[in-house]
$ cat model-v1.txt   # compact mmCIF, N, CA and C atoms
# COMPACT_ATOMS: atom_id res chain seq x y z
N MET A 22 40.05 -48.48 18.31
CA MET A 22 41.35 -48.17 18.89
C MET A 22 41.33 -48.62 20.35
N THR A 23 42.35 -49.37 20.71
CA THR A 23 42.39 -49.93 22.06
C THR A 23 43.12 -48.98 23.01
N ILE A 24 43.02 -49.29 24.27
CA ILE A 24 43.67 -48.49 25.30
C ILE A 24 45.19 -48.57 25.15
N GLU A 25 45.70 -49.73 24.74
CA GLU A 25 47.14 -49.89 24.57
C GLU A 25 47.67 -48.98 23.47
N VAL A 26 46.92 -48.85 22.38
CA VAL A 26 47.34 -47.99 21.28
C VAL A 26 47.35 -46.53 21.73
N VAL A 27 46.32 -46.14 22.45
CA VAL A 27 46.25 -44.76 22.94
C VAL A 27 47.38 -44.48 23.92
N SER A 28 47.63 -45.41 24.82
CA SER A 28 48.71 -45.19 25.79
C SER A 28 50.07 -45.17 25.11
N ASP A 29 50.26 -45.96 24.06
CA ASP A 29 51.52 -45.90 23.30
C ASP A 29 51.67 -44.57 22.58
N MET A 30 50.58 -44.06 22.02
CA MET A 30 50.64 -42.76 21.35
C MET A 30 50.98 -41.66 22.35
N ILE A 31 50.36 -41.69 23.53
CA ILE A 31 50.64 -40.69 24.55
C ILE A 31 52.08 -40.81 25.04
N LYS A 32 52.54 -42.02 25.24
CA LYS A 32 53.93 -42.25 25.68
C LYS A 32 54.91 -41.70 24.66
N ASP A 33 54.67 -41.99 23.38
CA ASP A 33 55.56 -41.49 22.33
C ASP A 33 55.51 -39.96 22.24
N ALA A 34 54.32 -39.39 22.38
CA ALA A 34 54.19 -37.94 22.31
C ALA A 34 54.93 -37.26 23.47
N LEU A 35 54.78 -37.80 24.66
CA LEU A 35 55.48 -37.23 25.81
C LEU A 35 56.99 -37.37 25.68
N TYR A 36 57.44 -38.49 25.13
CA TYR A 36 58.87 -38.69 24.90
C TYR A 36 59.41 -37.66 23.90
N ILE A 37 58.68 -37.44 22.82
CA ILE A 37 59.10 -36.46 21.81
C ILE A 37 59.12 -35.05 22.43
N ILE A 38 58.13 -34.74 23.24
CA ILE A 38 58.09 -33.42 23.88
C ILE A 38 59.30 -33.22 24.78
N VAL A 39 59.61 -34.20 25.60
CA VAL A 39 60.73 -34.08 26.53
C VAL A 39 62.05 -34.00 25.78
N ILE A 40 62.26 -34.86 24.81
CA ILE A 40 63.51 -34.88 24.05
C ILE A 40 63.68 -33.59 23.26
N THR A 41 62.60 -33.07 22.72
CA THR A 41 62.69 -31.86 21.91
C THR A 41 62.90 -30.62 22.76
N ALA A 42 62.28 -30.56 23.92
CA ALA A 42 62.39 -29.36 24.76
C ALA A 42 63.61 -29.37 25.66
N ALA A 43 64.19 -30.52 25.93
CA ALA A 43 65.27 -30.63 26.90
C ALA A 43 66.49 -29.76 26.58
N PRO A 44 66.98 -29.71 25.34
CA PRO A 44 68.17 -28.89 25.11
C PRO A 44 67.97 -27.41 25.44
N LEU A 45 66.83 -26.86 25.06
CA LEU A 45 66.59 -25.45 25.36
C LEU A 45 66.36 -25.22 26.85
N LEU A 46 65.71 -26.15 27.52
CA LEU A 46 65.51 -26.01 28.96
C LEU A 46 66.83 -26.10 29.71
N LEU A 47 67.70 -27.01 29.28
CA LEU A 47 69.01 -27.11 29.92
C LEU A 47 69.85 -25.86 29.65
N LEU A 48 69.76 -25.34 28.45
CA LEU A 48 70.48 -24.11 28.12
C LEU A 48 70.00 -22.96 28.99
N SER A 49 68.71 -22.83 29.14
CA SER A 49 68.15 -21.79 29.99
C SER A 49 68.56 -21.98 31.45
N LEU A 50 68.59 -23.22 31.90
CA LEU A 50 69.01 -23.51 33.27
C LEU A 50 70.47 -23.12 33.50
N VAL A 51 71.34 -23.47 32.56
CA VAL A 51 72.76 -23.14 32.70
C VAL A 51 72.99 -21.64 32.68
N VAL A 52 72.34 -20.95 31.75
CA VAL A 52 72.50 -19.49 31.68
C VAL A 52 71.94 -18.84 32.94
N GLY A 53 70.81 -19.31 33.43
CA GLY A 53 70.24 -18.77 34.66
C GLY A 53 71.15 -18.99 35.86
N LEU A 54 71.78 -20.17 35.91
CA LEU A 54 72.70 -20.46 37.01
C LEU A 54 73.93 -19.56 36.94
N ILE A 55 74.46 -19.36 35.76
CA ILE A 55 75.63 -18.48 35.60
C ILE A 55 75.28 -17.05 35.99
N ILE A 56 74.13 -16.58 35.55
CA ILE A 56 73.71 -15.21 35.89
C ILE A 56 73.45 -15.09 37.40
N SER A 57 72.87 -16.11 38.00
CA SER A 57 72.63 -16.07 39.45
C SER A 57 73.93 -16.01 40.24
N ILE A 58 74.91 -16.78 39.81
CA ILE A 58 76.22 -16.73 40.46
C ILE A 58 76.83 -15.34 40.29
N PHE A 59 76.72 -14.78 39.08
CA PHE A 59 77.24 -13.44 38.83
C PHE A 59 76.53 -12.41 39.72
N GLN A 60 75.22 -12.53 39.85
CA GLN A 60 74.47 -11.59 40.70
C GLN A 60 74.86 -11.74 42.17
N THR A 61 75.09 -12.94 42.60
CA THR A 61 75.47 -13.16 43.99
C THR A 61 76.85 -12.57 44.28
N VAL A 62 77.77 -12.77 43.35
CA VAL A 62 79.13 -12.27 43.54
C VAL A 62 79.17 -10.74 43.54
N THR A 63 78.41 -10.14 42.63
CA THR A 63 78.48 -8.68 42.47
C THR A 63 77.40 -7.94 43.27
N SER A 64 76.50 -8.65 43.89
CA SER A 64 75.38 -8.07 44.65
C SER A 64 74.49 -7.18 43.80
N ILE A 65 74.39 -7.49 42.52
CA ILE A 65 73.47 -6.78 41.62
C ILE A 65 72.18 -7.60 41.58
N GLN A 66 71.06 -6.99 41.89
CA GLN A 66 69.78 -7.70 41.91
C GLN A 66 68.81 -7.09 40.89
N GLU A 67 69.24 -6.96 39.69
CA GLU A 67 68.41 -6.40 38.62
C GLU A 67 67.66 -7.54 37.93
N GLN A 68 66.34 -7.42 37.79
CA GLN A 68 65.52 -8.48 37.19
C GLN A 68 65.83 -8.69 35.72
N THR A 69 66.07 -7.62 34.99
CA THR A 69 66.32 -7.77 33.56
C THR A 69 67.66 -8.43 33.29
N LEU A 70 68.54 -8.45 34.26
CA LEU A 70 69.83 -9.10 34.09
C LEU A 70 69.67 -10.61 33.91
N THR A 71 68.64 -11.19 34.48
CA THR A 71 68.40 -12.62 34.28
C THR A 71 67.56 -12.89 33.05
N PHE A 72 66.64 -12.01 32.74
CA PHE A 72 65.69 -12.25 31.65
C PHE A 72 66.34 -12.13 30.28
N VAL A 73 67.05 -11.07 30.04
CA VAL A 73 67.61 -10.79 28.71
C VAL A 73 68.62 -11.85 28.27
N PRO A 74 69.60 -12.25 29.09
CA PRO A 74 70.52 -13.30 28.64
C PRO A 74 69.84 -14.64 28.36
N LYS A 75 68.83 -14.96 29.16
CA LYS A 75 68.10 -16.21 28.91
C LYS A 75 67.39 -16.17 27.57
N ILE A 76 66.72 -15.06 27.27
CA ILE A 76 66.01 -14.93 25.99
C ILE A 76 66.99 -15.00 24.83
N ILE A 77 68.11 -14.31 24.96
CA ILE A 77 69.11 -14.32 23.89
C ILE A 77 69.67 -15.73 23.70
N SER A 78 69.95 -16.42 24.79
CA SER A 78 70.49 -17.78 24.67
C SER A 78 69.46 -18.73 24.07
N ILE A 79 68.19 -18.56 24.41
CA ILE A 79 67.14 -19.40 23.82
C ILE A 79 67.02 -19.14 22.32
N PHE A 80 67.08 -17.87 21.91
CA PHE A 80 67.02 -17.56 20.48
C PHE A 80 68.21 -18.16 19.74
N ILE A 81 69.39 -18.06 20.32
CA ILE A 81 70.57 -18.65 19.69
C ILE A 81 70.44 -20.17 19.64
N GLY A 82 69.95 -20.75 20.72
CA GLY A 82 69.72 -22.20 20.73
C GLY A 82 68.71 -22.63 19.70
N MET A 83 67.64 -21.84 19.52
CA MET A 83 66.64 -22.16 18.49
C MET A 83 67.25 -22.07 17.09
N MET A 84 68.14 -21.10 16.89
CA MET A 84 68.78 -20.99 15.58
C MET A 84 69.72 -22.17 15.32
N LEU A 85 70.37 -22.67 16.38
CA LEU A 85 71.33 -23.75 16.19
C LEU A 85 70.67 -25.13 16.10
N ILE A 86 69.68 -25.39 16.94
CA ILE A 86 69.09 -26.73 16.95
C ILE A 86 67.62 -26.75 16.56
N GLY A 87 67.11 -25.63 16.07
CA GLY A 87 65.71 -25.58 15.66
C GLY A 87 65.37 -26.56 14.55
N HIS A 88 66.31 -26.75 13.64
CA HIS A 88 66.09 -27.69 12.53
C HIS A 88 65.91 -29.11 13.07
N TRP A 89 66.75 -29.50 14.02
CA TRP A 89 66.64 -30.82 14.63
C TRP A 89 65.32 -30.98 15.38
N MET A 90 64.92 -29.92 16.10
CA MET A 90 63.67 -29.97 16.84
C MET A 90 62.48 -30.12 15.91
N LEU A 91 62.48 -29.36 14.82
CA LEU A 91 61.39 -29.44 13.86
C LEU A 91 61.36 -30.80 13.19
N ASN A 92 62.52 -31.36 12.87
CA ASN A 92 62.57 -32.70 12.28
C ASN A 92 61.99 -33.75 13.21
N ASN A 93 62.27 -33.63 14.53
CA ASN A 93 61.69 -34.58 15.49
C ASN A 93 60.17 -34.52 15.48
N MET A 94 59.63 -33.31 15.52
CA MET A 94 58.18 -33.16 15.56
C MET A 94 57.53 -33.59 14.25
N VAL A 95 58.14 -33.25 13.13
CA VAL A 95 57.59 -33.64 11.83
C VAL A 95 57.63 -35.16 11.66
N GLN A 96 58.72 -35.79 12.09
CA GLN A 96 58.81 -37.25 11.98
C GLN A 96 57.75 -37.93 12.82
N TYR A 97 57.46 -37.39 13.99
CA TYR A 97 56.41 -37.96 14.83
C TYR A 97 55.05 -37.82 14.15
N MET A 98 54.79 -36.65 13.56
CA MET A 98 53.51 -36.46 12.86
C MET A 98 53.41 -37.37 11.64
N ILE A 99 54.50 -37.56 10.93
CA ILE A 99 54.49 -38.49 9.78
C ILE A 99 54.18 -39.90 10.26
N ASP A 100 54.78 -40.30 11.38
CA ASP A 100 54.49 -41.63 11.93
C ASP A 100 53.02 -41.76 12.33
N LEU A 101 52.47 -40.71 12.92
CA LEU A 101 51.05 -40.76 13.29
C LEU A 101 50.15 -40.87 12.07
N TRP A 102 50.41 -40.04 11.05
CA TRP A 102 49.56 -40.06 9.86
C TRP A 102 49.76 -41.31 9.03
N SER A 103 50.95 -41.88 9.03
CA SER A 103 51.16 -43.10 8.24
C SER A 103 50.44 -44.29 8.86
N ASN A 104 50.23 -44.27 10.16
CA ASN A 104 49.51 -45.35 10.85
C ASN A 104 48.06 -45.01 11.11
N PHE A 105 47.54 -44.00 10.44
CA PHE A 105 46.18 -43.54 10.70
C PHE A 105 45.14 -44.61 10.45
N SER A 106 45.38 -45.45 9.45
CA SER A 106 44.39 -46.50 9.15
C SER A 106 44.29 -47.52 10.29
N LEU A 107 45.34 -47.67 11.07
CA LEU A 107 45.28 -48.59 12.20
C LEU A 107 44.44 -48.04 13.35
N TYR A 108 44.31 -46.71 13.42
CA TYR A 108 43.60 -46.09 14.53
C TYR A 108 42.08 -46.10 14.33
N ILE A 109 41.64 -46.23 13.10
CA ILE A 109 40.20 -46.19 12.80
C ILE A 109 39.67 -47.61 12.75
N ARG A 110 38.89 -47.96 13.70
CA ARG A 110 38.25 -49.28 13.73
C ARG A 110 36.95 -49.22 14.46

$ encode --input "model-v1.txt" --output "structure tokens"
Amino acid sequence: MTIEVVSDMIKDALYIIVITAAPLLLLSLVVGLIISIFQTVTSIQEQTLTFVPKIISIFIGMMLIGHWMLNNMVQYMIDLWSNFSLYIR
């Protein structure tokens, strides 16, 4: 296995990680921003006020796009295993 093959595998893996995690990270960012604005306006500084809505939004996001996320990861693993004979030399 050459350095180019390894670097391509790492590049593809990092791309899949970023693409798969990005929707949930953006959702968490948006919910956190909304809650922060709400806290600033109302002067409420409760820690659980930021934590609970983020967790709930992440769970809802996982229910909505979890299938797509799992398909991305499974397809990458299928691609890795289907090319396994090329990696052994």

$ atom_distance --input "model-v1.txt" --atom1 "atom C of Met84 in chain A" --atom2 "atom N of Pro44 in chain A"
12.8 Å

$ atom_distance --input "model-v1.txt" --atom1 "atom N of Tyr108 in chain A" --atom2 "atom C of Met22 in chain A"
7.8 Å

$ closest_residue --input "model-v1.txt" --among "A:Gly53, A:Gln60, A:Ile86, A:Tyr97" --to "Phe72 in chain A" --atoms "all atoms listed in the file"
A:Gly53

$ atom_distance --input "model-v1.txt" --atom1 "CA of Thr71 in chain A" --atom2 "atom N of Trp89 in chain A"
26.4 Å

$ closest_residue --input "model-v1.txt" --among "A:Lys75, A:Thr23, A:Ile38, A:Ile81" --to "Leu50 in chain A" --atoms "only N, CA and C atoms"
A:Lys75

$ axis_aligned_box --input "model-v1.txt" --around "range 32-47 of chain A" --padding-each-side "4 Å" --output "AutoDock Vina command-line options"
--center_x 61.2 --center_y -33.7 --center_z 25.9 --size_x 25.3 --size_y 25.0 --size_z 16.1

$ closest_residue --input "model-v1.txt" --among "A:Leu70, A:Leu107, A:Met94, A:Ile56" --to "Leu35 in chain A" --atoms "only C-alpha atoms"
A:Met94

$ closest_residue --input "model-v1.txt" --among "A:Ile79, A:Glu67, A:Asp33, A:Glu25" --to "Ser49 in chain A" --atoms "all atoms listed in the file"
A:Ile79
